[in-house]
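Asker: Take this structure, written in structure tokens, and hold onto it; I'll ask about it next.
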Amino acid sequence: PLALSYLLKRLALAGDFEARQAVLTATQPFAGDVGQDYAVYWRELRADPEVRHLLGLLCRIRGAIDLDLLSRLTTGAVLERFVASAAHYFHQETTNRWSFFHNSFKQYLIDETRRDALGRLVSDRDRDLHLRLAEAAAELSGSPFAWERLFHLSAAGQVRGVLQLFTQAYFREQFFALRPLHEIQDDIALCLKAAVAEDDRIAFIRALLIAQELK
């Protein structure tokens, strides 16, 4: 079961026997719904809005998380608290790449970080988080995460920003840098969507030509 996997990861990450004993003592009996475990963890973070905010950013990132990005998103102190409380919810692919251990936690965070303290959906919460990630991508020129800027602009509803960013050279550079073709095609689809939203026929044709060139 997923809950058992999380427990085993927490025990593996514990530093010594006393730490493992503390993990076992603090662990509540499994109630049959891993979502309840997520809710308990989320409530424990009420006193740490900075870690909550960081989790709200991370759950909106496509694919694996480059740990170099975290220094752009938060402070060292917040990062330490994040690792201490949430590392077991992630798979450590390499020393510099983490991913969510299970998509259910990612989806739980996306939903919770859209809400205010009263549980009400806040319409601009998604936009603000994606805009922050777009800003971070713009600051990381030369990093593969820089390619995620277009996605986050699109997710934030910044249609004009998407249309201003994409060019033939923009996608050609990614192609020759060996970015997976399906990722490039996904972003071209976002460009087509933006062109339709703005009724920009020139941009629409440009996106189609780029897609044809990269086939």
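Residue numbering restarts at 1 for every chain of the structure tokens, chains are lettered A, B, ... in their displayed order, and ligands are numbered from 1 as they appear.
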Can you tell me, as a list of chain:residue names, what residues are no more than 10 Å from His152 (chain A) when counting only C-alpha atoms, ignoring any on the same chain fewer than 4 positions away?
Answerer: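 In the requested form, the answer reads A:Arg60, A:Ile61, A:Arg62, A:Arg127, A:Leu129, A:His130, A:Leu131, A:Arg132, A:Leu133, A:Ala134, A:Glu135, A:Ala137, A:Trp147, A:Glu148, A:Ala156, A:Gly157, A:Gln158, A:Val162.
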Asker: Show me a table, sorted first by chain and then by increasing residue number, of the residues of region 95-182 of chain A having an atom at most 10 Å from region 195-199 of chain A, each with its shortest atom pair and the distance in Å to one decimal, counting only C-alpha atoms and written as JSON lines.
Answerer:
{"residue": "A:Val159", "atom": "CA", "partner": "A:Glu198", "partner_atom": "CA", "distance": 7.5}
{"residue": "A:Arg160", "atom": "CA", "partner": "A:Glu198", "partner_atom": "CA", "distance": 7.9}
{"residue": "A:Val162", "atom": "CA", "partner": "A:Ala195", "partner_atom": "CA", "distance": 8.9}
{"residue": "A:Leu163", "atom": "CA", "partner": "A:Ala195", "partner_atom": "CA", "distance": 7.0}
Asker: Skipping near chain neighbours, those fewer than 4 positions away, what residues fall within 10 Å of region 37-54 of chain A using only C-alpha atoms, listed as JSON, numbers by chain?
Answerer: {"A": [3, 27, 28, 29, 30, 31, 32, 33, 58, 59, 70, 73, 74, 75, 77, 78, 79, 80, 81, 82, 83, 85, 86, 89, 104, 105, 108, 109, 112, 113, 117, 129]}
Asker: Measure the distance from CA of Ala26 (chain A) to CA of Ala14 (chain A) in Å and round it to one decimal.
Answerer: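 Going from CA of Ala26 (chain A) over to CA of Ala14 (chain A) covers 12.9 Å.
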Asker: Between CA of Phe176 (chain A) and CA of Leu214 (chain A), measure the distance and give it in Å to one decimal.
Answerer: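 Rounded to one decimal, the two atoms are 10.3 Å apart.
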Asker: For Ala211 (chain A), list every protein, DNA or RNA residue within 12 Å, evaluated using only C-alpha atoms, and leave out those in the same chain fewer than 2 positions away; present the list as a list in words.
Answerer: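 The residues satisfying every condition are Phe166, Thr167, Gln168, Phe171, Arg172, Phe175, Leu181, His182, Glu183, Ile184, Gln185, Asp186, Asp187, Ile188, Ala189, Leu190, Cys191, Leu192, Phe204, Ile205, Arg206, Ala207, Leu208, Leu209, Glu213, Leu214 and Lys215 of chain A.
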Asker: How would you write, as a PDB file with C-alpha atoms, in the first residue's frame, the set of residues in region 5-208 of chain A that DSSP gives as helix (DSSP H, G or I)?
Answerer:
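The resulting file, out01.pdb, is reproduced below:
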ATOM      1  CA  SER A   5       5.675   2.919   1.163  1.00  0.00           C
ATOM      2  CA  TYR A   6       5.648   6.407   2.673  1.00  0.00           C
ATOM      3  CA  LEU A   7       6.347   4.989   6.125  1.00  0.00           C
ATOM      4  CA  LEU A   8       9.263   2.921   4.838  1.00  0.00           C
ATOM      5  CA  LYS A   9      10.703   5.985   3.119  1.00  0.00           C
ATOM      6  CA  ARG A  10      10.425   8.007   6.339  1.00  0.00           C
ATOM      7  CA  LEU A  11      12.239   5.255   8.222  1.00  0.00           C
ATOM      8  CA  ALA A  12      14.940   5.063   5.537  1.00  0.00           C
ATOM      9  CA  LEU A  13      15.478   8.820   5.755  1.00  0.00           C
ATOM     10  CA  PHE A  17      17.613   4.374  15.771  1.00  0.00           C
ATOM     11  CA  GLU A  18      16.119   7.095  17.968  1.00  0.00           C
ATOM     12  CA  ALA A  19      14.877   8.988  14.917  1.00  0.00           C
ATOM     13  CA  ARG A  20      13.268   5.843  13.521  1.00  0.00           C
ATOM     14  CA  GLN A  21      11.611   5.174  16.859  1.00  0.00           C
ATOM     15  CA  ALA A  22      10.247   8.731  16.856  1.00  0.00           C
ATOM     16  CA  VAL A  23       8.817   8.174  13.363  1.00  0.00           C
ATOM     17  CA  LEU A  24       7.057   5.003  14.455  1.00  0.00           C
ATOM     18  CA  THR A  25       5.713   6.639  17.615  1.00  0.00           C
ATOM     19  CA  ALA A  26       4.327   9.614  15.707  1.00  0.00           C
ATOM     20  CA  VAL A  34      -4.033   8.043   2.038  1.00  0.00           C
ATOM     21  CA  GLY A  35      -5.795  11.365   1.443  1.00  0.00           C
ATOM     22  CA  GLN A  36      -6.379  11.575   5.191  1.00  0.00           C
ATOM     23  CA  ASP A  37      -2.641  11.271   5.744  1.00  0.00           C
ATOM     24  CA  TYR A  38      -2.071  14.121   3.301  1.00  0.00           C
ATOM     25  CA  ALA A  39      -4.666  16.212   5.160  1.00  0.00           C
ATOM     26  CA  VAL A  40      -2.929  15.597   8.498  1.00  0.00           C
ATOM     27  CA  TYR A  41       0.395  16.687   7.022  1.00  0.00           C
ATOM     28  CA  TRP A  42      -1.184  19.772   5.456  1.00  0.00           C
ATOM     29  CA  ARG A  43      -2.721  20.801   8.783  1.00  0.00           C
ATOM     30  CA  GLU A  44       0.666  20.404  10.455  1.00  0.00           C
ATOM     31  CA  LEU A  45       2.004  22.995   8.008  1.00  0.00           C
ATOM     32  CA  ARG A  46      -0.458  25.684   9.096  1.00  0.00           C
ATOM     33  CA  ALA A  47       2.341  27.282  11.101  1.00  0.00           C
ATOM     34  CA  PRO A  49       3.116  29.086   5.184  1.00  0.00           C
ATOM     35  CA  GLU A  50       6.491  29.340   3.447  1.00  0.00           C
ATOM     36  CA  VAL A  51       6.771  25.555   3.079  1.00  0.00           C
ATOM     37  CA  ARG A  52       3.131  25.471   1.960  1.00  0.00           C
ATOM     38  CA  HIS A  53       3.922  28.075  -0.678  1.00  0.00           C
ATOM     39  CA  LEU A  54       6.951  26.114  -1.882  1.00  0.00           C
ATOM     40  CA  LEU A  55       4.866  22.956  -2.195  1.00  0.00           C
ATOM     41  CA  GLY A  56       2.300  24.956  -4.170  1.00  0.00           C
ATOM     42  CA  LEU A  57       5.031  25.828  -6.649  1.00  0.00           C
ATOM     43  CA  LEU A  58       6.548  22.355  -6.872  1.00  0.00           C
ATOM     44  CA  LEU A  67      16.996  21.043  -7.068  1.00  0.00           C
ATOM     45  CA  ASP A  68      19.020  23.992  -8.391  1.00  0.00           C
ATOM     46  CA  LEU A  69      15.658  25.615  -9.069  1.00  0.00           C
ATOM     47  CA  LEU A  70      14.739  25.556  -5.387  1.00  0.00           C
ATOM     48  CA  SER A  71      17.342  28.190  -4.525  1.00  0.00           C
ATOM     49  CA  ARG A  72      15.465  30.509  -6.901  1.00  0.00           C
ATOM     50  CA  LEU A  73      12.133  29.802  -5.270  1.00  0.00           C
ATOM     51  CA  GLY A  76      17.888  27.994   2.584  1.00  0.00           C
ATOM     52  CA  ALA A  77      15.992  27.926   5.877  1.00  0.00           C
ATOM     53  CA  VAL A  78      12.667  27.154   4.173  1.00  0.00           C
ATOM     54  CA  LEU A  79      14.360  24.509   2.039  1.00  0.00           C
ATOM     55  CA  GLU A  80      15.676  22.780   5.160  1.00  0.00           C
ATOM     56  CA  ARG A  81      12.201  22.687   6.697  1.00  0.00           C
ATOM     57  CA  PHE A  82      10.741  21.405   3.442  1.00  0.00           C
ATOM     58  CA  VAL A  83      13.248  18.541   3.234  1.00  0.00           C
ATOM     59  CA  ALA A  84      12.753  17.641   6.903  1.00  0.00           C
ATOM     60  CA  SER A  85       8.982  17.410   6.611  1.00  0.00           C
ATOM     61  CA  ALA A  86       8.319  16.312   3.033  1.00  0.00           C
ATOM     62  CA  ALA A  87      11.278  14.335   1.656  1.00  0.00           C
ATOM     63  CA  HIS A  88       9.429  11.021   2.013  1.00  0.00           C
ATOM     64  CA  TYR A  89       6.765  12.250  -0.417  1.00  0.00           C
ATOM     65  CA  ASN A 103       0.768  11.605  -8.298  1.00  0.00           C
ATOM     66  CA  SER A 104      -2.023  11.571  -5.682  1.00  0.00           C
ATOM     67  CA  PHE A 105       0.023  13.826  -3.389  1.00  0.00           C
ATOM     68  CA  LYS A 106       0.762  16.216  -6.243  1.00  0.00           C
ATOM     69  CA  GLN A 107      -2.936  16.446  -7.103  1.00  0.00           C
ATOM     70  CA  TYR A 108      -3.823  16.929  -3.440  1.00  0.00           C
ATOM     71  CA  LEU A 109      -1.410  19.865  -3.222  1.00  0.00           C
ATOM     72  CA  ILE A 110      -2.724  21.448  -6.424  1.00  0.00           C
ATOM     73  CA  ASP A 111      -6.221  21.415  -4.969  1.00  0.00           C
ATOM     74  CA  GLU A 112      -5.276  22.645  -1.499  1.00  0.00           C
ATOM     75  CA  ARG A 125      -3.986  31.510  -6.824  1.00  0.00           C
ATOM     76  CA  ASP A 126      -3.083  29.235  -9.754  1.00  0.00           C
ATOM     77  CA  ARG A 127      -2.157  32.232 -11.877  1.00  0.00           C
ATOM     78  CA  ASP A 128       0.159  33.728  -9.262  1.00  0.00           C
ATOM     79  CA  LEU A 129       2.004  30.456  -8.659  1.00  0.00           C
ATOM     80  CA  HIS A 130       2.498  29.795 -12.358  1.00  0.00           C
ATOM     81  CA  LEU A 131       3.692  33.366 -12.882  1.00  0.00           C
ATOM     82  CA  ARG A 132       6.311  32.882 -10.175  1.00  0.00           C
ATOM     83  CA  LEU A 133       7.522  29.744 -11.936  1.00  0.00           C
ATOM     84  CA  ALA A 134       7.601  31.590 -15.264  1.00  0.00           C
ATOM     85  CA  GLU A 135       9.775  34.259 -13.643  1.00  0.00           C
ATOM     86  CA  ALA A 136      12.124  31.592 -12.273  1.00  0.00           C
ATOM     87  CA  ALA A 137      12.355  29.978 -15.708  1.00  0.00           C
ATOM     88  CA  ALA A 138      13.257  33.339 -17.246  1.00  0.00           C
ATOM     89  CA  GLU A 139      16.067  33.696 -14.698  1.00  0.00           C
ATOM     90  CA  PRO A 144      16.293  22.968 -19.260  1.00  0.00           C
ATOM     91  CA  PHE A 145      13.815  24.568 -16.854  1.00  0.00           C
ATOM     92  CA  ALA A 146      14.053  27.745 -18.931  1.00  0.00           C
ATOM     93  CA  TRP A 147      12.006  25.880 -21.557  1.00  0.00           C
ATOM     94  CA  GLU A 148       9.163  25.600 -19.061  1.00  0.00           C
ATOM     95  CA  ARG A 149       8.555  29.344 -19.156  1.00  0.00           C
ATOM     96  CA  LEU A 150       6.078  29.042 -22.018  1.00  0.00           C
ATOM     97  CA  PHE A 151       4.062  26.363 -20.224  1.00  0.00           C
ATOM     98  CA  HIS A 152       3.791  28.424 -17.039  1.00  0.00           C
ATOM     99  CA  LEU A 153       2.850  31.574 -18.937  1.00  0.00           C
ATOM    100  CA  SER A 154       0.120  29.588 -20.648  1.00  0.00           C
ATOM    101  CA  ALA A 155      -1.101  28.088 -17.368  1.00  0.00           C
ATOM    102  CA  VAL A 159      -1.747  34.535 -23.803  1.00  0.00           C
ATOM    103  CA  ARG A 160       0.150  37.509 -25.181  1.00  0.00           C
ATOM    104  CA  GLY A 161       3.238  36.423 -23.292  1.00  0.00           C
ATOM    105  CA  VAL A 162       3.076  33.025 -24.966  1.00  0.00           C
ATOM    106  CA  LEU A 163       2.734  34.562 -28.434  1.00  0.00           C
ATOM    107  CA  GLN A 164       5.604  36.973 -27.824  1.00  0.00           C
ATOM    108  CA  LEU A 165       7.908  34.203 -26.621  1.00  0.00           C
ATOM    109  CA  GLN A 168      11.020  29.313 -34.989  1.00  0.00           C
ATOM    110  CA  ALA A 169      14.458  29.931 -33.467  1.00  0.00           C
ATOM    111  CA  TYR A 170      13.058  29.383 -29.950  1.00  0.00           C
ATOM    112  CA  PHE A 171      11.894  25.855 -30.729  1.00  0.00           C
ATOM    113  CA  ARG A 172      14.728  25.043 -33.116  1.00  0.00           C
ATOM    114  CA  GLU A 173      17.250  25.730 -30.347  1.00  0.00           C
ATOM    115  CA  GLN A 174      15.400  23.294 -28.071  1.00  0.00           C
ATOM    116  CA  PHE A 175      15.328  20.666 -30.832  1.00  0.00           C
ATOM    117  CA  PHE A 176      19.087  20.850 -31.362  1.00  0.00           C
ATOM    118  CA  LEU A 181      10.239  16.092 -29.234  1.00  0.00           C
ATOM    119  CA  HIS A 182       6.958  15.345 -27.487  1.00  0.00           C
ATOM    120  CA  GLU A 183       7.672  18.140 -24.996  1.00  0.00           C
ATOM    121  CA  ILE A 184       8.314  20.593 -27.831  1.00  0.00           C
ATOM    122  CA  GLN A 185       5.119  19.471 -29.550  1.00  0.00           C
ATOM    123  CA  ASP A 186       3.158  19.963 -26.329  1.00  0.00           C
ATOM    124  CA  ASP A 187       4.383  23.558 -26.153  1.00  0.00           C
ATOM    125  CA  ILE A 188       3.610  24.186 -29.809  1.00  0.00           C
ATOM    126  CA  ALA A 189       0.062  23.038 -29.046  1.00  0.00           C
ATOM    127  CA  LEU A 190      -0.078  25.702 -26.341  1.00  0.00           C
ATOM    128  CA  CYS A 191       1.042  28.272 -28.904  1.00  0.00           C
ATOM    129  CA  LEU A 192      -1.726  27.195 -31.271  1.00  0.00           C
ATOM    130  CA  LYS A 193      -4.229  27.506 -28.440  1.00  0.00           C
ATOM    131  CA  ALA A 194      -2.973  31.006 -27.635  1.00  0.00           C
ATOM    132  CA  ALA A 195      -3.173  32.037 -31.284  1.00  0.00           C
ATOM    133  CA  VAL A 196      -6.782  30.867 -31.457  1.00  0.00           C
ATOM    134  CA  ALA A 197      -7.633  32.713 -28.224  1.00  0.00           C
ATOM    135  CA  ARG A 201      -3.836  34.027 -37.685  1.00  0.00           C
ATOM    136  CA  ILE A 202      -0.208  34.863 -38.374  1.00  0.00           C
ATOM    137  CA  ALA A 203       0.860  33.288 -35.088  1.00  0.00           C
ATOM    138  CA  PHE A 204      -1.335  30.269 -35.804  1.00  0.00           C
ATOM    139  CA  ILE A 205       0.307  29.703 -39.187  1.00  0.00           C
ATOM    140  CA  ARG A 206       3.749  30.257 -37.678  1.00  0.00           C
ATOM    141  CA  ALA A 207       3.083  27.569 -35.076  1.00  0.00           C
ATOM    142  CA  LEU A 208       1.873  25.132 -37.742  1.00  0.00           C
TER     143      LEU A 208
END
Asker: With DSSP run on the backbone, what are the strand (DSSP E or B) residues within region 6-203 of chain A? I'd like them as a PyMOL selection string.
Answerer: chain A and resi 65-66+90-94+97-100+115+121
Asker: Could you work out how far CA of Ser141 (chain A) lies from CA of Trp98 (chain A), giving the answer in Å with one decimal?
Answerer: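 Computed distance, CA of Trp98 (chain A) to CA of Ser141 (chain A), equals 20.6 Å.
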